[in-house]
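my_file_20.cif, holding mmCIF, C-alpha atoms and all ligand atoms:
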data_run
loop_
_atom_site.label_atom_id
_atom_site.label_comp_id
_atom_site.auth_asym_id
_atom_site.auth_seq_id
_atom_site.Cartn_x
_atom_site.Cartn_y
_atom_site.Cartn_z
CA MET A 1377 84.13 97.73 78.19
CA ASP A 1378 81.96 99.28 75.50
CA THR A 1379 78.54 100.01 76.96
CA HIS A 1380 76.03 101.63 74.63
CA VAL A 1381 73.53 104.02 76.13
CA ARG A 1382 70.95 106.47 74.92
CA LEU A 1383 69.64 109.48 76.80
CA GLU A 1384 65.90 109.92 77.24
CA PRO A 1385 64.41 113.14 78.62
CA TRP A 1386 63.15 112.91 82.20
CA GLY A 1387 59.38 112.39 82.30
CA GLU A 1388 56.40 112.65 84.62
CA ASP A 1389 56.60 108.89 85.35
CA ASP A 1390 60.25 108.83 86.41
CA PHE A 1391 59.89 109.57 90.12
CA TRP A 1392 60.80 105.92 90.83
CA LEU A 1393 64.34 106.63 89.61
CA LEU A 1394 64.77 109.49 92.07
CA GLU A 1395 63.55 107.18 94.84
CA ARG A 1396 66.03 104.46 93.80
CA LYS A 1397 68.85 107.05 93.87
CA ASN A 1398 67.84 108.45 97.27
CA THR A 1399 69.72 105.90 99.41
CA PRO A 1400 72.65 106.46 101.79
CA GLU A 1401 74.96 104.61 99.34
CA MET A 1402 73.90 106.59 96.27
CA THR A 1403 74.08 109.94 98.07
CA ALA A 1404 77.23 109.37 100.14
CA HIS A 1405 79.06 112.12 98.21
CA LEU A 1406 75.97 114.27 97.65
CA GLY A 1407 74.97 115.27 101.16
CA GLY A 1408 72.86 112.20 102.02
CA PRO A 1409 69.25 111.24 101.23
CA GLU A 1410 66.73 114.01 100.68
CA THR A 1411 63.36 114.45 102.38
CA ALA A 1412 60.19 113.34 100.55
CA GLU A 1413 59.34 117.00 99.99
CA LYS A 1414 62.70 117.82 98.40
CA LEU A 1415 62.51 114.73 96.24
CA ALA A 1416 59.03 115.69 94.99
CA SER A 1417 60.23 119.17 94.10
CA ARG A 1418 63.25 117.66 92.33
CA GLN A 1419 60.85 115.52 90.27
CA ARG A 1420 58.80 118.60 89.28
CA ARG A 1421 61.98 120.48 88.35
CA TYR A 1422 63.39 117.64 86.25
CA ALA A 1423 60.11 117.09 84.37
CA ALA A 1424 59.78 120.83 83.74
CA MET A 1425 63.31 120.94 82.31
CA SER A 1426 62.24 118.44 79.64
CA ALA A 1427 59.52 120.83 78.50
CA GLY A 1428 61.69 123.96 78.62
CA ALA A 1429 64.37 125.43 76.35
CA PRO A 1430 67.38 123.07 75.98
CA GLU A 1431 69.72 125.97 76.83
CA ALA A 1432 68.21 125.98 80.34
CA GLY A 1433 69.41 122.41 80.95
CA ARG A 1434 68.04 118.89 80.83
CA MET A 1435 67.91 115.77 82.96
CA PHE A 1436 67.96 112.41 81.22
CA LYS A 1437 67.42 108.78 82.00
CA VAL A 1438 70.38 106.67 80.91
CA VAL A 1439 68.96 103.72 78.98
CA LEU A 1440 70.96 100.65 77.93
CA VAL A 1441 70.63 100.27 74.17
CA GLU A 1442 70.88 96.46 74.25
CA THR A 1443 68.11 95.80 76.77
CA GLY A 1444 66.11 99.03 77.09
CA GLU A 1445 66.70 99.04 80.87
CA THR A 1446 67.03 102.36 82.69
CA ALA A 1447 70.42 102.25 84.44
CA GLY A 1448 70.71 105.76 85.86
CA SER A 1449 70.58 109.46 85.18
CA VAL A 1450 72.70 112.25 83.78
CA GLY A 1451 72.06 115.93 83.15
CA TYR A 1452 73.42 119.37 82.44
CA TRP A 1453 72.45 122.79 83.71
CA PRO A 1454 73.86 126.30 83.22
CA ARG A 1455 76.35 127.79 85.66
CA VAL A 1456 78.68 130.79 85.62
CA TRP A 1457 82.16 129.62 86.56
CA ASP A 1458 85.06 132.10 86.83
CA GLY A 1459 82.97 134.61 84.89
CA GLU A 1460 82.32 132.17 82.03
CA ASP A 1461 78.98 130.65 80.99
CA VAL A 1462 79.46 126.89 81.20
CA TYR A 1463 77.29 123.86 81.82
CA GLU A 1464 77.67 121.71 84.91
CA THR A 1465 76.98 118.01 84.66
CA GLY A 1466 76.28 115.19 87.12
CA TRP A 1467 75.50 111.47 86.90
CA GLY A 1468 74.26 108.52 88.90
CA VAL A 1469 74.15 104.81 88.05
CA LEU A 1470 71.97 102.35 89.97
CA PRO A 1471 73.98 99.79 91.98
CA GLU A 1472 73.05 96.78 89.83
CA PHE A 1473 74.41 98.54 86.72
CA GLN A 1474 77.62 99.94 88.22
CA GLY A 1475 81.11 98.86 87.20
CA ARG A 1476 80.47 98.28 83.52
CA GLY A 1477 81.13 101.65 81.94
CA VAL A 1478 77.59 103.07 82.06
CA ALA A 1479 78.63 106.33 83.75
CA VAL A 1480 81.48 106.92 81.29
CA ALA A 1481 79.16 106.30 78.34
CA ALA A 1482 76.56 108.64 79.87
CA ALA A 1483 79.16 111.36 80.49
CA ARG A 1484 80.35 111.14 76.91
CA ALA A 1485 76.77 111.24 75.65
CA VAL A 1486 75.86 114.33 77.65
CA VAL A 1487 79.01 116.15 76.48
CA ALA A 1488 78.10 115.27 72.87
CA HIS A 1489 74.56 116.53 73.50
CA VAL A 1490 75.82 119.87 74.84
CA GLY A 1491 78.32 120.06 71.97
CA ALA A 1492 75.46 119.78 69.47
CA LEU A 1493 73.56 122.49 71.34
CA ASP A 1494 76.43 124.95 71.71
CA ALA A 1495 79.85 123.84 70.47
CA ALA A 1496 81.61 126.74 72.21
CA ARG A 1497 80.34 126.02 75.71
CA ALA A 1498 82.42 123.89 78.07
CA VAL A 1499 81.02 121.31 80.47
CA HIS A 1500 82.33 121.13 84.05
CA ALA A 1501 82.00 118.42 86.68
CA PHE A 1502 82.76 118.88 90.39
CA PRO A 1503 83.12 115.50 92.14
CA SER A 1504 84.38 115.47 95.75
CA VAL A 1505 88.14 115.01 95.85
CA ASP A 1506 87.65 111.68 97.67
CA HIS A 1507 85.00 110.33 95.26
CA ALA A 1508 87.27 107.89 93.40
CA ALA A 1509 84.58 106.50 91.07
CA SER A 1510 83.23 109.84 89.88
CA ASN A 1511 86.71 111.28 89.36
CA ALA A 1512 87.57 108.16 87.35
CA VAL A 1513 84.45 108.75 85.24
CA CYS A 1514 85.62 112.29 84.43
CA ARG A 1515 89.08 111.08 83.47
CA ALA A 1516 87.79 108.20 81.34
CA ALA A 1517 85.23 110.42 79.59
CA GLY A 1518 87.95 112.81 78.44
CA PHE A 1519 87.53 115.63 80.93
CA ARG A 1520 90.64 117.61 81.90
CA LEU A 1521 91.45 118.22 85.58
CA LEU A 1522 91.85 121.97 86.17
CA GLY A 1523 92.43 121.78 89.92
CA THR A 1524 90.71 121.69 93.29
CA THR A 1525 88.04 124.10 94.43
CA ASP A 1526 85.67 124.68 97.35
CA PHE A 1527 82.21 123.83 96.09
CA GLU A 1528 78.77 124.37 97.62
CA TYR A 1529 76.54 121.27 97.38
CA PRO A 1530 73.94 120.80 98.67
CA PRO A 1531 73.20 124.48 99.38
CA GLY A 1532 74.90 125.54 102.60
CA HIS A 1533 77.50 122.73 102.51
CA TRP A 1534 80.97 123.58 101.23
CA HIS A 1535 83.46 120.83 100.50
CA PRO A 1536 86.60 120.34 98.41
CA THR A 1537 85.96 119.04 94.90
CA HIS A 1538 87.93 118.56 91.75
CA ASN A 1539 87.14 120.86 88.86
CA TRP A 1540 86.99 118.90 85.58
CA ARG A 1541 86.36 120.51 82.21
CA SER A 1542 85.35 119.05 78.90
CA THR A 1543 85.44 121.28 75.89
CA PRO A 1544 83.34 119.84 73.09
CA PRO A 1545 85.24 119.36 69.84
CA PRO A 1546 84.21 121.67 66.98
CA PRO A 1547 81.33 120.23 64.89
C1 LIG C 1601 80.04 107.38 90.32
C2 LIG C 1601 79.16 106.41 89.57
C3 LIG C 1601 78.21 107.20 88.66
C4 LIG C 1601 80.05 105.50 88.69
O1 LIG C 1601 79.18 104.73 87.85
P1 LIG C 1601 79.68 103.42 87.07
O2 LIG C 1601 78.72 103.19 85.94
O3 LIG C 1601 79.90 102.32 88.04
O4 LIG C 1601 81.09 103.88 86.50
P2 LIG C 1601 81.84 103.20 85.29
O5 LIG C 1601 81.56 101.72 85.27
O6 LIG C 1601 81.55 104.00 84.04
O7 LIG C 1601 83.37 103.35 85.75
C5 LIG C 1601 84.06 104.52 85.47
C6 LIG C 1601 85.39 104.48 86.13
O8 LIG C 1601 85.22 104.51 87.56
C7 LIG C 1601 85.97 103.48 88.15
N1 LIG C 1601 85.25 103.09 89.35
C8 LIG C 1601 83.98 102.62 89.42
N2 LIG C 1601 83.63 102.41 90.72
C9 LIG C 1601 84.72 102.74 91.45
C10 LIG C 1601 85.00 102.76 92.84
N3 LIG C 1601 84.08 102.40 93.74
N4 LIG C 1601 86.21 103.19 93.25
C11 LIG C 1601 87.14 103.57 92.34
N5 LIG C 1601 86.94 103.60 91.01
C12 LIG C 1601 85.75 103.18 90.58
C13 LIG C 1601 86.04 102.42 87.10
O9 LIG C 1601 87.14 101.55 87.30
C14 LIG C 1601 86.21 103.24 85.85
O10 LIG C 1601 87.53 103.71 85.72
P3 LIG C 1601 88.43 103.29 84.48
O11 LIG C 1601 87.65 103.69 83.25
O12 LIG C 1601 89.66 104.10 84.69
O13 LIG C 1601 88.59 101.82 84.63
C15 LIG C 1601 78.33 105.51 90.53
O14 LIG C 1601 79.21 104.93 91.46
C16 LIG C 1601 77.23 106.27 91.26
O15 LIG C 1601 76.15 106.45 90.72
N6 LIG C 1601 77.48 106.70 92.49
C17 LIG C 1601 76.44 107.37 93.27
C18 LIG C 1601 76.03 108.73 92.70
C19 LIG C 1601 77.20 109.69 92.60
O16 LIG C 1601 78.01 109.78 93.51
N7 LIG C 1601 77.27 110.41 91.47
C20 LIG C 1601 78.35 111.31 91.19
C21 LIG C 1601 78.24 112.60 91.89
S1 LIG C 1601 79.64 113.66 91.55
#
Would you mind writing the file out in structure tokens?
Amino acid sequence: MDTHVRLEPWGEDDFWLLERKNTPEMTAHLGGPETAEKLASRQRRYAAMSAGAPEAGRMFKVVLVETGETAGSVGYWPRVWDGEDVYETGWGVLPEFQGRGVAVAAARAVVAHVGALDAARAVHAFPSVDHAASNAVCRAAGFRLLGTTDFEYPPGHWHPTHNWRSTPPPP
């Protein structure tokens, strides 16, 4: 299905979206719901990213073009992986918008965004090996599976993930 989305920078008024994502279902592969304190600091961090240099990363709301509804979030942030400067990405789609291609469209959009910023820099995603939906998103969005790795998320928790890489096409 062709779902059209646009990415809008995370703002000061978007705490509601973090709250909607902070459920046992939405965080089942992300270490579980966060405390109110951690969520508030996440909100400050995301809003600050919108005001900072794009090279330092961005979080976005994923907005449906047809209706203007906010369906989820996607972002990118710098990481050194195997000695290489890359960006890591991650996404979340609210339950009522799942299953209609929103995450794939958002993943493609964030890769295009990074490609416009720095065409030489690859984007990696690290979904848990048993997270069928997120691995399917990577595959459908054109990422290439490099293998399996032990990944730390949230801090202090190591678990096996797949390592997916998307290299933006040259401009
Ligand atoms: C993972 C998530 C973003 C998928 O969002 P979505 O908008 O429903 O995904 P899409 O509709 O774009 O579907 C993408 C692919 O996933 C598949 N998929 C969706 N839900 C699935 C499920 N529960 N099990 C298996 N595959 C699933 C779809 O069939 C599709 O694959 P295809 O293109 O090969 O047909 C959403 O489930 C979510 O937000 N989960 C909670 C947050 C999270 O875990 N984020 C990822 C952290 S790594």
Selection: 7 Å around Ala1479 in chain A, all atoms listed in the file, excl. self and same-chain fewer than 2 positions, as a ChimeraX atom specification: /A:1467,1469,1477,1481-1483,1513
Env of range 1540-1544 of chain A: 7 Å cut, atoms = all atoms listed in the file, seq-sep filter 4 positions within chain, self excluded. Answer as a PDB file with C-alpha atoms, keeping the file's coordinate frame.
ATOM      1  CA  VAL A1487      79.010 116.150  76.480  1.00  0.00           C
ATOM      2  CA  ALA A1488      78.100 115.270  72.870  1.00  0.00           C
ATOM      3  CA  GLY A1491      78.320 120.060  71.970  1.00  0.00           C
ATOM      4  CA  ALA A1495      79.850 123.840  70.470  1.00  0.00           C
ATOM      5  CA  ARG A1497      80.340 126.020  75.710  1.00  0.00           C
ATOM      6  CA  ALA A1498      82.420 123.890  78.070  1.00  0.00           C
ATOM      7  CA  VAL A1499      81.020 121.310  80.470  1.00  0.00           C
ATOM      8  CA  HIS A1500      82.330 121.130  84.050  1.00  0.00           C
ATOM      9  CA  ALA A1501      82.000 118.420  86.680  1.00  0.00           C
ATOM     10  CA  PHE A1502      82.760 118.880  90.390  1.00  0.00           C
ATOM     11  CA  CYS A1514      85.620 112.290  84.430  1.00  0.00           C
ATOM     12  CA  GLY A1518      87.950 112.810  78.440  1.00  0.00           C
ATOM     13  CA  PHE A1519      87.530 115.630  80.930  1.00  0.00           C
ATOM     14  CA  ARG A1520      90.640 117.610  81.900  1.00  0.00           C
ATOM     15  CA  LEU A1521      91.450 118.220  85.580  1.00  0.00           C
ATOM     16  CA  LEU A1522      91.850 121.970  86.170  1.00  0.00           C
TER      17      LEU A1522
END
Return as AutoDock Vina command-line options the box centre and box size in Å, one decimal, for an axis-aligned box around all listed atoms of ligand LIG 1601 (chain C) padded by 3 Å per side.
--center_x 82.8 --center_y 107.6 --center_z 88.5 --size_x 19.6 --size_y 18.1 --size_z 16.5
With the cut-off set at 7 Å and counting all atoms listed in the file, tabulate each residue of chain A with an atom at most that distance from an atom of ligand LIG 1601 (chain C), showing the nearest atom pair and its distance in Å to one decimal, ordered by chain and increasing number, as CSV.
residue,atom,partner,partner_atom,distance
A:Glu1401,CA,C:LIG1601,C17,6.8
A:Met1402,CA,C:LIG1601,C17,4.0
A:Thr1403,CA,C:LIG1601,C18,5.8
A:Ala1404,CA,C:LIG1601,O16,6.7
A:His1405,CA,C:LIG1601,O16,5.4
A:Leu1406,CA,C:LIG1601,C21,6.4
A:Gly1466,CA,C:LIG1601,S1,5.8
A:Trp1467,CA,C:LIG1601,N7,5.0
A:Gly1468,CA,C:LIG1601,O15,3.3
A:Val1469,CA,C:LIG1601,O15,3.7
A:Leu1470,CA,C:LIG1601,O15,5.9
A:Phe1473,CA,C:LIG1601,O2,6.4
A:Gln1474,CA,C:LIG1601,O3,3.3
A:Gly1475,CA,C:LIG1601,O5,3.5
A:Arg1476,CA,C:LIG1601,O5,4.0
A:Gly1477,CA,C:LIG1601,O6,3.2
A:Val1478,CA,C:LIG1601,O2,4.0
A:Ala1479,CA,C:LIG1601,O6,3.7
A:Val1480,CA,C:LIG1601,O6,4.0
A:Ala1481,CA,C:LIG1601,O6,6.6
A:Phe1502,CA,C:LIG1601,S1,6.2
A:Pro1503,CA,C:LIG1601,S1,4.0
A:Ser1504,CA,C:LIG1601,S1,6.6
A:Ala1508,CA,C:LIG1601,C11,4.5
A:Ala1509,CA,C:LIG1601,C12,3.6
A:Ser1510,CA,C:LIG1601,C1,4.1
A:Ala1512,CA,C:LIG1601,O8,4.3
A:Val1513,CA,C:LIG1601,C5,4.3
A:Ala1516,CA,C:LIG1601,O11,4.9
Output C-alpha atoms for every residue in that selection, as an mmCIF file, keeping the file's coordinate frame.
data_model
loop_
_atom_site.group_PDB
_atom_site.id
_atom_site.type_symbol
_atom_site.label_atom_id
_atom_site.label_comp_id
_atom_site.auth_asym_id
_atom_site.auth_seq_id
_atom_site.Cartn_x
_atom_site.Cartn_y
_atom_site.Cartn_z
ATOM 1 C CA GLU A 1401 74.960 104.610 99.340
ATOM 2 C CA MET A 1402 73.900 106.590 96.270
ATOM 3 C CA THR A 1403 74.080 109.940 98.070
ATOM 4 C CA ALA A 1404 77.230 109.370 100.140
ATOM 5 C CA HIS A 1405 79.060 112.120 98.210
ATOM 6 C CA LEU A 1406 75.970 114.270 97.650
ATOM 7 C CA GLY A 1466 76.280 115.190 87.120
ATOM 8 C CA TRP A 1467 75.500 111.470 86.900
ATOM 9 C CA GLY A 1468 74.260 108.520 88.900
ATOM 10 C CA VAL A 1469 74.150 104.810 88.050
ATOM 11 C CA LEU A 1470 71.970 102.350 89.970
ATOM 12 C CA PHE A 1473 74.410 98.540 86.720
ATOM 13 C CA GLN A 1474 77.620 99.940 88.220
ATOM 14 C CA GLY A 1475 81.110 98.860 87.200
ATOM 15 C CA ARG A 1476 80.470 98.280 83.520
ATOM 16 C CA GLY A 1477 81.130 101.650 81.940
ATOM 17 C CA VAL A 1478 77.590 103.070 82.060
ATOM 18 C CA ALA A 1479 78.630 106.330 83.750
ATOM 19 C CA VAL A 1480 81.480 106.920 81.290
ATOM 20 C CA ALA A 1481 79.160 106.300 78.340
ATOM 21 C CA PHE A 1502 82.760 118.880 90.390
ATOM 22 C CA PRO A 1503 83.120 115.500 92.140
ATOM 23 C CA SER A 1504 84.380 115.470 95.750
ATOM 24 C CA ALA A 1508 87.270 107.890 93.400
ATOM 25 C CA ALA A 1509 84.580 106.500 91.070
ATOM 26 C CA SER A 1510 83.230 109.840 89.880
ATOM 27 C CA ALA A 1512 87.570 108.160 87.350
ATOM 28 C CA VAL A 1513 84.450 108.750 85.240
ATOM 29 C CA ALA A 1516 87.790 108.200 81.340
#
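The spacing separating CA of His1380 in chain A from CA of Glu1445 in chain A amounts to 11.5 Å.
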Option closest in space to Val1462 in chain A, from A:Leu1383, A:Ala1496, A:Ala1447, A:Ala1485 [counting only C-alpha atoms]: A:Ala1496
CA of Ala1517 in chain A to CA of Arg1484 in chain A, distance in Å rounded to a single decimal: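 Answer for the CA of Ala1517 in chain A to CA of Arg1484 in chain A separation: 5.6 Å.
Picture a line from CA of Val1381 in chain A to CA of Leu1440 in chain A; it runs 4.6 Å.
Of the listed residues (A:Thr1524, A:Thr1411, A:Asn1539, A:Ser1426), A:Thr1411 comes nearest to Leu1394 in chain A; the distances count all atoms listed in the file.
If you measure from each of A:Ala1427, A:Val1439, A:Arg1382, A:Gly1408 to His1489 in chain A using only C-alpha atoms, the closest one turns out to be A:Arg1382.
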Contacts of Phe1436 in chain A at 8 Å (only C-alpha atoms; same-chain gap of 2+ positions) as a PyMOL selection string: chain A and resi 1383-1386+1434+1438+1449-1451
